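Enquirer: Sharing target.txt (compact mmCIF, N, CA, C and O atoms) below.
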```
# COMPACT_ATOMS: atom_id res chain seq x y z
N MET W 1 39.99 -50.87 11.54
CA MET W 1 39.43 -49.99 10.55
C MET W 1 37.97 -50.39 10.36
O MET W 1 37.66 -51.56 10.19
N THR W 2 37.09 -49.37 10.35
CA THR W 2 35.67 -49.67 10.18
C THR W 2 35.34 -49.74 8.69
O THR W 2 36.12 -49.33 7.83
N ALA W 3 34.15 -50.21 8.38
CA ALA W 3 33.75 -50.35 6.99
C ALA W 3 33.59 -48.98 6.33
O ALA W 3 33.91 -48.80 5.17
N ALA W 4 33.11 -47.98 7.09
CA ALA W 4 32.92 -46.65 6.54
C ALA W 4 34.25 -46.00 6.21
O ALA W 4 34.43 -45.36 5.19
N SER W 5 35.25 -46.18 7.10
CA SER W 5 36.54 -45.55 6.83
C SER W 5 37.29 -46.28 5.73
O SER W 5 38.14 -45.70 5.07
N ALA W 6 36.98 -47.51 5.50
CA ALA W 6 37.65 -48.25 4.43
C ALA W 6 37.18 -47.77 3.07
O ALA W 6 37.91 -47.84 2.09
N ARG W 7 35.97 -47.24 2.98
CA ARG W 7 35.45 -46.77 1.69
C ARG W 7 35.94 -45.37 1.36
O ARG W 7 35.85 -44.95 0.22
N ARG W 8 36.42 -44.61 2.31
CA ARG W 8 36.88 -43.25 2.06
C ARG W 8 38.22 -43.28 1.33
O ARG W 8 39.03 -44.17 1.55
N PRO W 9 38.45 -42.26 0.52
CA PRO W 9 39.78 -42.16 -0.11
C PRO W 9 40.86 -41.95 0.94
O PRO W 9 40.59 -41.45 2.04
N ALA W 10 42.04 -42.28 0.61
CA ALA W 10 43.15 -42.23 1.57
C ALA W 10 43.41 -40.81 2.06
O ALA W 10 43.78 -40.60 3.20
N GLY W 11 43.22 -39.80 1.24
CA GLY W 11 43.52 -38.43 1.63
C GLY W 11 42.39 -37.77 2.39
O GLY W 11 42.49 -36.61 2.77
N HIS W 12 41.32 -38.44 2.63
CA HIS W 12 40.18 -37.85 3.30
C HIS W 12 40.40 -37.90 4.81
O HIS W 12 40.50 -38.95 5.40
N ALA W 13 40.45 -36.73 5.43
CA ALA W 13 40.72 -36.70 6.85
C ALA W 13 39.51 -36.27 7.64
O ALA W 13 39.59 -36.05 8.83
N GLY W 14 38.38 -36.07 6.99
CA GLY W 14 37.20 -35.55 7.66
C GLY W 14 36.61 -36.57 8.60
O GLY W 14 36.80 -37.77 8.48
N GLY W 15 35.86 -36.07 9.54
CA GLY W 15 35.19 -36.94 10.49
C GLY W 15 33.88 -37.43 9.90
O GLY W 15 33.81 -37.83 8.75
N GLY W 16 32.83 -37.31 10.67
CA GLY W 16 31.53 -37.76 10.21
C GLY W 16 30.75 -36.60 9.62
O GLY W 16 31.17 -35.94 8.69
N ARG W 17 29.63 -36.34 10.26
CA ARG W 17 28.79 -35.25 9.79
C ARG W 17 29.46 -33.91 10.01
O ARG W 17 30.19 -33.72 10.95
N GLY W 18 29.13 -32.97 9.13
CA GLY W 18 29.61 -31.60 9.32
C GLY W 18 31.10 -31.44 9.13
O GLY W 18 31.68 -30.56 9.71
N SER W 19 31.72 -32.30 8.38
CA SER W 19 33.15 -32.11 8.17
C SER W 19 33.38 -30.85 7.35
O SER W 19 32.55 -30.44 6.57
N ALA W 20 34.50 -30.25 7.55
CA ALA W 20 34.79 -28.97 6.93
C ALA W 20 35.17 -29.08 5.48
O ALA W 20 35.40 -28.08 4.83
N GLY W 21 35.29 -30.25 4.92
CA GLY W 21 35.70 -30.39 3.52
C GLY W 21 34.57 -30.00 2.57
O GLY W 21 33.59 -30.68 2.47
N LYS W 22 34.72 -28.86 1.92
CA LYS W 22 33.69 -28.39 0.97
C LYS W 22 34.26 -28.48 -0.43
O LYS W 22 35.46 -28.40 -0.63
N MET W 23 33.34 -28.63 -1.37
CA MET W 23 33.77 -28.73 -2.76
C MET W 23 34.21 -27.37 -3.26
O MET W 23 33.62 -26.35 -2.92
N ALA W 24 35.24 -27.36 -4.06
CA ALA W 24 35.71 -26.12 -4.65
C ALA W 24 34.80 -25.74 -5.82
O ALA W 24 34.15 -26.58 -6.41
N ALA W 25 34.75 -24.45 -6.12
CA ALA W 25 33.94 -23.98 -7.24
C ALA W 25 34.51 -24.55 -8.53
O ALA W 25 35.73 -24.69 -8.68
N PRO W 26 33.67 -24.89 -9.48
CA PRO W 26 34.17 -25.43 -10.73
C PRO W 26 34.99 -24.39 -11.49
O PRO W 26 34.66 -23.21 -11.50
N ARG W 27 36.05 -24.86 -12.08
CA ARG W 27 36.93 -23.95 -12.81
C ARG W 27 36.46 -23.81 -14.25
O ARG W 27 35.89 -24.73 -14.82
N GLU W 28 36.73 -22.63 -14.81
CA GLU W 28 36.39 -22.42 -16.21
C GLU W 28 37.44 -23.09 -17.07
O GLU W 28 38.62 -23.17 -16.70
N PRO W 29 37.03 -23.59 -18.22
CA PRO W 29 38.02 -24.23 -19.08
C PRO W 29 39.03 -23.20 -19.59
O PRO W 29 38.70 -22.05 -19.82
N GLY W 30 40.23 -23.62 -19.72
CA GLY W 30 41.27 -22.75 -20.26
C GLY W 30 42.07 -22.02 -19.22
O GLY W 30 42.82 -21.11 -19.56
N GLY W 31 41.92 -22.32 -17.97
CA GLY W 31 42.75 -21.67 -16.97
C GLY W 31 42.00 -20.59 -16.24
O GLY W 31 40.79 -20.55 -16.19
N GLY W 32 42.74 -19.65 -15.66
CA GLY W 32 42.13 -18.66 -14.81
C GLY W 32 41.88 -17.32 -15.46
O GLY W 32 40.80 -16.78 -15.41
N ALA W 33 42.89 -16.73 -16.10
CA ALA W 33 42.77 -15.37 -16.61
C ALA W 33 41.90 -15.34 -17.86
O ALA W 33 42.01 -16.19 -18.73
N LYS W 34 41.03 -14.32 -17.92
CA LYS W 34 40.18 -14.15 -19.09
C LYS W 34 40.80 -13.11 -20.00
O LYS W 34 41.35 -12.12 -19.55
N ARG W 35 40.65 -13.35 -21.26
CA ARG W 35 41.12 -12.38 -22.23
C ARG W 35 40.01 -11.35 -22.44
O ARG W 35 38.86 -11.73 -22.65
N PRO W 36 40.31 -10.08 -22.37
CA PRO W 36 39.26 -9.08 -22.55
C PRO W 36 38.70 -9.15 -23.97
O PRO W 36 39.42 -9.36 -24.93
N GLU W 37 37.37 -8.96 -24.06
CA GLU W 37 36.74 -8.99 -25.38
C GLU W 37 37.06 -7.70 -26.11
O GLU W 37 37.06 -6.62 -25.52
N PRO W 38 37.31 -7.79 -27.39
CA PRO W 38 37.61 -6.57 -28.15
C PRO W 38 36.35 -5.71 -28.30
O PRO W 38 35.23 -6.22 -28.32
N GLU W 39 36.52 -4.42 -28.37
CA GLU W 39 35.41 -3.50 -28.57
C GLU W 39 34.82 -3.72 -29.97
O GLU W 39 35.55 -3.95 -30.92
N PRO W 40 33.48 -3.67 -30.09
CA PRO W 40 32.89 -3.85 -31.41
C PRO W 40 33.21 -2.66 -32.31
O PRO W 40 33.33 -1.52 -31.84
N SER W 41 33.32 -2.93 -33.57
CA SER W 41 33.63 -1.85 -34.51
C SER W 41 32.39 -0.98 -34.69
O SER W 41 31.29 -1.32 -34.24
N ALA W 42 32.57 0.14 -35.38
CA ALA W 42 31.45 1.06 -35.59
C ALA W 42 30.35 0.37 -36.39
O ALA W 42 29.16 0.56 -36.11
N GLU W 43 30.72 -0.41 -37.36
CA GLU W 43 29.72 -1.13 -38.18
C GLU W 43 28.96 -2.15 -37.33
O GLU W 43 27.74 -2.27 -37.44
N GLN W 44 29.66 -2.85 -36.47
CA GLN W 44 29.00 -3.83 -35.60
C GLN W 44 28.04 -3.13 -34.64
O GLN W 44 26.94 -3.63 -34.37
N ARG W 45 28.44 -1.96 -34.12
CA ARG W 45 27.57 -1.21 -33.23
C ARG W 45 26.30 -0.76 -33.96
O ARG W 45 25.20 -0.82 -33.41
N ARG W 46 26.46 -0.30 -35.21
CA ARG W 46 25.28 0.12 -35.99
C ARG W 46 24.34 -1.05 -36.25
O ARG W 46 23.13 -0.92 -36.14
N VAL W 47 24.90 -2.22 -36.56
CA VAL W 47 24.07 -3.40 -36.80
C VAL W 47 23.33 -3.79 -35.52
O VAL W 47 22.12 -4.10 -35.55
N MET W 48 24.03 -3.79 -34.39
CA MET W 48 23.38 -4.14 -33.12
C MET W 48 22.29 -3.12 -32.78
O MET W 48 21.21 -3.48 -32.31
N GLN W 49 22.56 -1.84 -33.03
CA GLN W 49 21.57 -0.81 -32.72
C GLN W 49 20.33 -0.98 -33.60
O GLN W 49 19.20 -0.87 -33.12
N ARG W 50 20.52 -1.29 -34.89
CA ARG W 50 19.38 -1.51 -35.79
C ARG W 50 18.58 -2.72 -35.34
O ARG W 50 17.34 -2.72 -35.37
N ALA W 51 19.25 -3.77 -34.90
CA ALA W 51 18.55 -4.98 -34.45
C ALA W 51 17.74 -4.68 -33.19
O ALA W 51 16.60 -5.12 -33.06
N GLU W 52 18.31 -3.92 -32.27
CA GLU W 52 17.59 -3.55 -31.05
C GLU W 52 16.39 -2.68 -31.37
O GLU W 52 15.31 -2.85 -30.79
N GLU W 53 16.55 -1.74 -32.30
CA GLU W 53 15.44 -0.87 -32.70
C GLU W 53 14.34 -1.67 -33.38
O GLU W 53 13.16 -1.36 -33.24
N ALA W 54 14.70 -2.71 -34.11
CA ALA W 54 13.70 -3.54 -34.77
C ALA W 54 12.92 -4.38 -33.77
O ALA W 54 11.74 -4.66 -33.97
N LEU W 55 13.57 -4.77 -32.68
CA LEU W 55 12.90 -5.61 -31.68
C LEU W 55 12.10 -4.80 -30.66
O LEU W 55 11.22 -5.34 -30.00
N ARG W 56 12.42 -3.52 -30.52
CA ARG W 56 11.75 -2.69 -29.51
C ARG W 56 10.24 -2.62 -29.73
O ARG W 56 9.48 -2.79 -28.77
N PRO W 57 9.72 -2.37 -30.95
CA PRO W 57 8.26 -2.33 -31.13
C PRO W 57 7.58 -3.65 -30.77
O PRO W 57 6.47 -3.65 -30.23
N ARG W 58 8.21 -4.75 -31.03
CA ARG W 58 7.63 -6.05 -30.67
C ARG W 58 7.46 -6.16 -29.17
O ARG W 58 6.43 -6.63 -28.68
N ALA W 59 8.47 -5.74 -28.43
CA ALA W 59 8.39 -5.82 -26.97
C ALA W 59 7.29 -4.89 -26.45
O ALA W 59 6.54 -5.25 -25.55
N LEU W 60 7.18 -3.70 -27.03
CA LEU W 60 6.14 -2.77 -26.61
C LEU W 60 4.76 -3.32 -26.94
O LEU W 60 3.83 -3.20 -26.15
N GLN W 61 4.61 -3.94 -28.11
CA GLN W 61 3.33 -4.52 -28.49
C GLN W 61 2.96 -5.66 -27.56
O GLN W 61 1.80 -5.80 -27.16
N ARG W 62 3.92 -6.48 -27.21
CA ARG W 62 3.66 -7.60 -26.31
C ARG W 62 3.21 -7.09 -24.94
O ARG W 62 2.26 -7.60 -24.34
N ARG W 63 3.88 -6.06 -24.44
CA ARG W 63 3.52 -5.49 -23.15
C ARG W 63 2.13 -4.86 -23.21
O ARG W 63 1.31 -5.02 -22.32
N LEU W 64 1.85 -4.14 -24.31
CA LEU W 64 0.55 -3.50 -24.47
C LEU W 64 -0.56 -4.53 -24.61
O LEU W 64 -1.65 -4.36 -24.07
N ARG W 65 -0.29 -5.62 -25.31
CA ARG W 65 -1.29 -6.68 -25.47
C ARG W 65 -1.65 -7.28 -24.11
O ARG W 65 -2.82 -7.54 -23.82
N GLY W 66 -0.65 -7.47 -23.26
CA GLY W 66 -0.91 -7.99 -21.92
C GLY W 66 -1.75 -7.03 -21.09
O GLY W 66 -2.68 -7.44 -20.39
N ARG W 67 -1.45 -5.75 -21.17
CA ARG W 67 -2.23 -4.75 -20.43
C ARG W 67 -3.66 -4.70 -20.94
O ARG W 67 -4.61 -4.58 -20.17
N ASN W 68 -3.81 -4.75 -22.28
CA ASN W 68 -5.16 -4.72 -22.86
C ASN W 68 -5.96 -5.93 -22.41
O ASN W 68 -7.16 -5.83 -22.15
N LEU W 69 -5.33 -7.07 -22.34
CA LEU W 69 -6.01 -8.28 -21.91
C LEU W 69 -6.48 -8.14 -20.46
O LEU W 69 -7.63 -8.46 -20.14
N LEU W 70 -5.62 -7.65 -19.60
CA LEU W 70 -6.01 -7.46 -18.20
C LEU W 70 -7.14 -6.44 -18.07
O LEU W 70 -8.07 -6.62 -17.29
N THR W 71 -7.07 -5.35 -18.84
CA THR W 71 -8.12 -4.34 -18.80
C THR W 71 -9.44 -4.93 -19.27
O THR W 71 -10.49 -4.71 -18.65
N GLY W 72 -9.40 -5.69 -20.36
CA GLY W 72 -10.62 -6.31 -20.88
C GLY W 72 -11.23 -7.28 -19.89
O GLY W 72 -12.45 -7.31 -19.70
N LEU W 73 -10.39 -8.08 -19.25
CA LEU W 73 -10.91 -9.02 -18.25
C LEU W 73 -11.51 -8.29 -17.06
O LEU W 73 -12.54 -8.70 -16.52
N GLY W 74 -10.88 -7.20 -16.66
CA GLY W 74 -11.41 -6.41 -15.55
C GLY W 74 -12.76 -5.79 -15.87
O GLY W 74 -13.70 -5.86 -15.08
N ILE W 75 -12.87 -5.21 -17.07
CA ILE W 75 -14.15 -4.60 -17.48
C ILE W 75 -15.21 -5.68 -17.60
O ILE W 75 -16.36 -5.49 -17.16
N GLY W 76 -14.87 -6.83 -18.18
CA GLY W 76 -15.83 -7.93 -18.29
C GLY W 76 -16.31 -8.40 -16.93
O GLY W 76 -17.49 -8.70 -16.75
N ALA W 77 -15.40 -8.47 -15.97
CA ALA W 77 -15.78 -8.91 -14.62
C ALA W 77 -16.74 -7.91 -13.99
O ALA W 77 -17.72 -8.30 -13.34
N VAL W 78 -16.50 -6.62 -14.18
CA VAL W 78 -17.39 -5.60 -13.63
C VAL W 78 -18.77 -5.69 -14.27
O VAL W 78 -19.80 -5.64 -13.60
N VAL W 79 -18.81 -5.86 -15.60
CA VAL W 79 -20.09 -5.96 -16.31
C VAL W 79 -20.87 -7.17 -15.82
O VAL W 79 -22.07 -7.08 -15.54
N LEU W 80 -20.21 -8.31 -15.71
CA LEU W 80 -20.89 -9.51 -15.24
C LEU W 80 -21.36 -9.35 -13.80
O LEU W 80 -22.43 -9.85 -13.43
N GLY W 81 -20.59 -8.67 -12.99
CA GLY W 81 -20.99 -8.42 -11.61
C GLY W 81 -22.24 -7.56 -11.54
O GLY W 81 -23.17 -7.84 -10.77
N ILE W 82 -22.28 -6.49 -12.33
CA ILE W 82 -23.46 -5.62 -12.35
C ILE W 82 -24.67 -6.38 -12.87
O ILE W 82 -25.78 -6.28 -12.32
N TYR W 83 -24.49 -7.16 -13.91
CA TYR W 83 -25.57 -7.96 -14.49
C TYR W 83 -26.13 -8.94 -13.45
O TYR W 83 -27.34 -9.03 -13.25
N GLY W 84 -25.26 -9.65 -12.78
CA GLY W 84 -25.68 -10.61 -11.77
C GLY W 84 -26.36 -9.93 -10.59
O GLY W 84 -27.38 -10.41 -10.08
N TYR W 85 -25.83 -8.80 -10.15
CA TYR W 85 -26.41 -8.07 -9.02
C TYR W 85 -27.80 -7.57 -9.38
O TYR W 85 -28.72 -7.60 -8.55
N THR W 86 -27.96 -7.10 -10.63
CA THR W 86 -29.27 -6.62 -11.07
C THR W 86 -30.30 -7.74 -11.01
O THR W 86 -31.41 -7.56 -10.51
N PHE W 87 -29.95 -8.91 -11.52
CA PHE W 87 -30.88 -10.04 -11.48
C PHE W 87 -31.18 -10.43 -10.04
O PHE W 87 -32.32 -10.77 -9.70
N TYR W 88 -30.20 -10.39 -9.19
CA TYR W 88 -30.39 -10.74 -7.78
C TYR W 88 -31.38 -9.79 -7.12
O TYR W 88 -32.29 -10.20 -6.42
N LYS W 89 -31.20 -8.50 -7.35
CA LYS W 89 -32.07 -7.51 -6.73
C LYS W 89 -33.48 -7.58 -7.30
O LYS W 89 -34.46 -7.42 -6.57
N ILE W 90 -33.62 -7.78 -8.59
CA ILE W 90 -34.95 -7.85 -9.20
C ILE W 90 -35.70 -9.07 -8.68
O ILE W 90 -36.91 -9.02 -8.45
N SER W 91 -34.99 -10.17 -8.47
CA SER W 91 -35.67 -11.37 -7.98
C SER W 91 -36.17 -11.17 -6.56
O SER W 91 -37.09 -11.85 -6.12
N GLN W 92 -35.62 -10.24 -5.81
CA GLN W 92 -36.04 -10.00 -4.44
C GLN W 92 -37.21 -9.03 -4.34
O GLN W 92 -37.88 -8.97 -3.32
N GLU W 93 -37.45 -8.27 -5.38
CA GLU W 93 -38.50 -7.26 -5.30
C GLU W 93 -39.87 -7.92 -5.35
O GLU W 93 -40.14 -8.79 -6.16
N ARG W 94 -40.75 -7.44 -4.51
CA ARG W 94 -42.09 -8.01 -4.40
C ARG W 94 -43.17 -6.94 -4.67
O ARG W 94 -44.32 -7.16 -4.37
N PHE W 95 -42.79 -5.79 -5.20
CA PHE W 95 -43.76 -4.72 -5.36
C PHE W 95 -44.86 -5.10 -6.36
O PHE W 95 -46.01 -4.68 -6.23
N LEU W 96 -44.53 -5.90 -7.38
CA LEU W 96 -45.56 -6.31 -8.33
C LEU W 96 -46.59 -7.23 -7.66
O LEU W 96 -47.78 -7.17 -7.97
N ASP W 97 -46.11 -8.07 -6.76
CA ASP W 97 -47.03 -8.95 -6.03
C ASP W 97 -48.00 -8.12 -5.20
O ASP W 97 -49.21 -8.41 -5.14
N GLU W 98 -47.50 -7.06 -4.57
CA GLU W 98 -48.36 -6.19 -3.77
C GLU W 98 -49.39 -5.49 -4.63
O GLU W 98 -50.56 -5.35 -4.25
N LEU W 99 -48.99 -5.02 -5.82
CA LEU W 99 -49.93 -4.37 -6.73
C LEU W 99 -51.01 -5.35 -7.18
O LEU W 99 -52.20 -4.98 -7.25
N GLU W 100 -50.61 -6.56 -7.48
CA GLU W 100 -51.59 -7.56 -7.90
C GLU W 100 -52.58 -7.87 -6.78
O GLU W 100 -53.78 -8.05 -7.01
N GLN W 101 -52.12 -7.90 -5.55
CA GLN W 101 -53.00 -8.15 -4.41
C GLN W 101 -53.99 -7.00 -4.23
O GLN W 101 -55.18 -7.21 -3.93
N GLU W 102 -53.54 -5.77 -4.46
CA GLU W 102 -54.43 -4.61 -4.36
C GLU W 102 -55.50 -4.65 -5.44
O GLU W 102 -56.67 -4.33 -5.21
N VAL W 103 -55.09 -5.05 -6.67
CA VAL W 103 -56.05 -5.17 -7.77
C VAL W 103 -57.07 -6.24 -7.46
O VAL W 103 -58.28 -6.05 -7.66
N GLU W 104 -56.63 -7.36 -6.95
CA GLU W 104 -57.56 -8.44 -6.58
C GLU W 104 -58.50 -7.99 -5.47
O GLU W 104 -59.71 -8.30 -5.49
N ALA W 105 -58.00 -7.24 -4.52
CA ALA W 105 -58.83 -6.76 -3.41
C ALA W 105 -59.86 -5.77 -3.92
O ALA W 105 -61.01 -5.71 -3.44
N ALA W 106 -59.48 -4.96 -4.93
CA ALA W 106 -60.42 -3.98 -5.48
C ALA W 106 -61.51 -4.68 -6.30
O ALA W 106 -62.64 -4.19 -6.37
N LYS W 107 -61.20 -5.78 -6.94
CA LYS W 107 -62.17 -6.51 -7.77
C LYS W 107 -63.21 -7.22 -6.91
O LYS W 107 -64.37 -7.33 -7.33
N THR W 108 -62.82 -7.75 -5.80
CA THR W 108 -63.78 -8.46 -4.96
C THR W 108 -64.67 -7.45 -4.25
O THR W 108 -64.19 -6.41 -3.78
N PRO W 109 -65.95 -7.71 -4.21
CA PRO W 109 -66.86 -6.74 -3.56
C PRO W 109 -66.62 -6.72 -2.04
O PRO W 109 -66.36 -7.76 -1.42
N ALA W 110 -66.66 -5.56 -1.50
CA ALA W 110 -66.47 -5.41 -0.06
C ALA W 110 -67.79 -5.72 0.64
O ALA W 110 -68.85 -5.31 0.21
N ASN W 111 -67.78 -6.46 1.68
CA ASN W 111 -69.00 -6.83 2.42
C ASN W 111 -69.33 -5.84 3.45
O ASN W 111 -68.89 -5.20 4.17
```
Would you mind writing the file out in structure tokens?

Expert:
Amino acid sequence: MTAASARRPAGHAGGGRGSAGKMAAPREPGGGAKRPEPEPSAEQRRVMQRAEEALRPRALQRRLRGRNLLTGLGIGAVVLGIYGYTFYKISQERFLDELEQEVEAAKTPAN
């Protein structure tokens, strides 16, 4: 008997790797058959319906708040992009430099 087989329980007949012995699914407490839940009474249904109606506006507000946040971030990103692009383009323009050179050329007497 090897050391590995000595540690196995007596009823274990599996080989090494890949043995077919799989664990069974855990059982629910109380046995197998479930007792069907009773139907809620009319009063219980009305209470549940009122509770659901009370929670519905909260869920809609939460969803709307998320959409508003995404819309605001999107608009802000577009505004910042336009702002940055404008500064980039203005920094590249040299037309004022050309006008200043023309003014300087006009001020100096022509020989």

Enquirer: Figure out the distance between atom C of Leu60 of chain W and atom N of Gly72 of chain W, please, to one decimal in Å.

Expert: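 Those two atoms sit 15.8 Å apart.
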
Enquirer: Could you tell me how far atom CA of Leu69 of chain W sits from atom CA of Phe87 of chain W, in Å to one decimal place?

Expert: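 It comes out at 27.0 Å.
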
Enquirer: Find the distance between atom CA of Glu104 of chain W and atom N of Gln92 of chain W and write it in Å to one decimal.

Expert: 22.0 Å
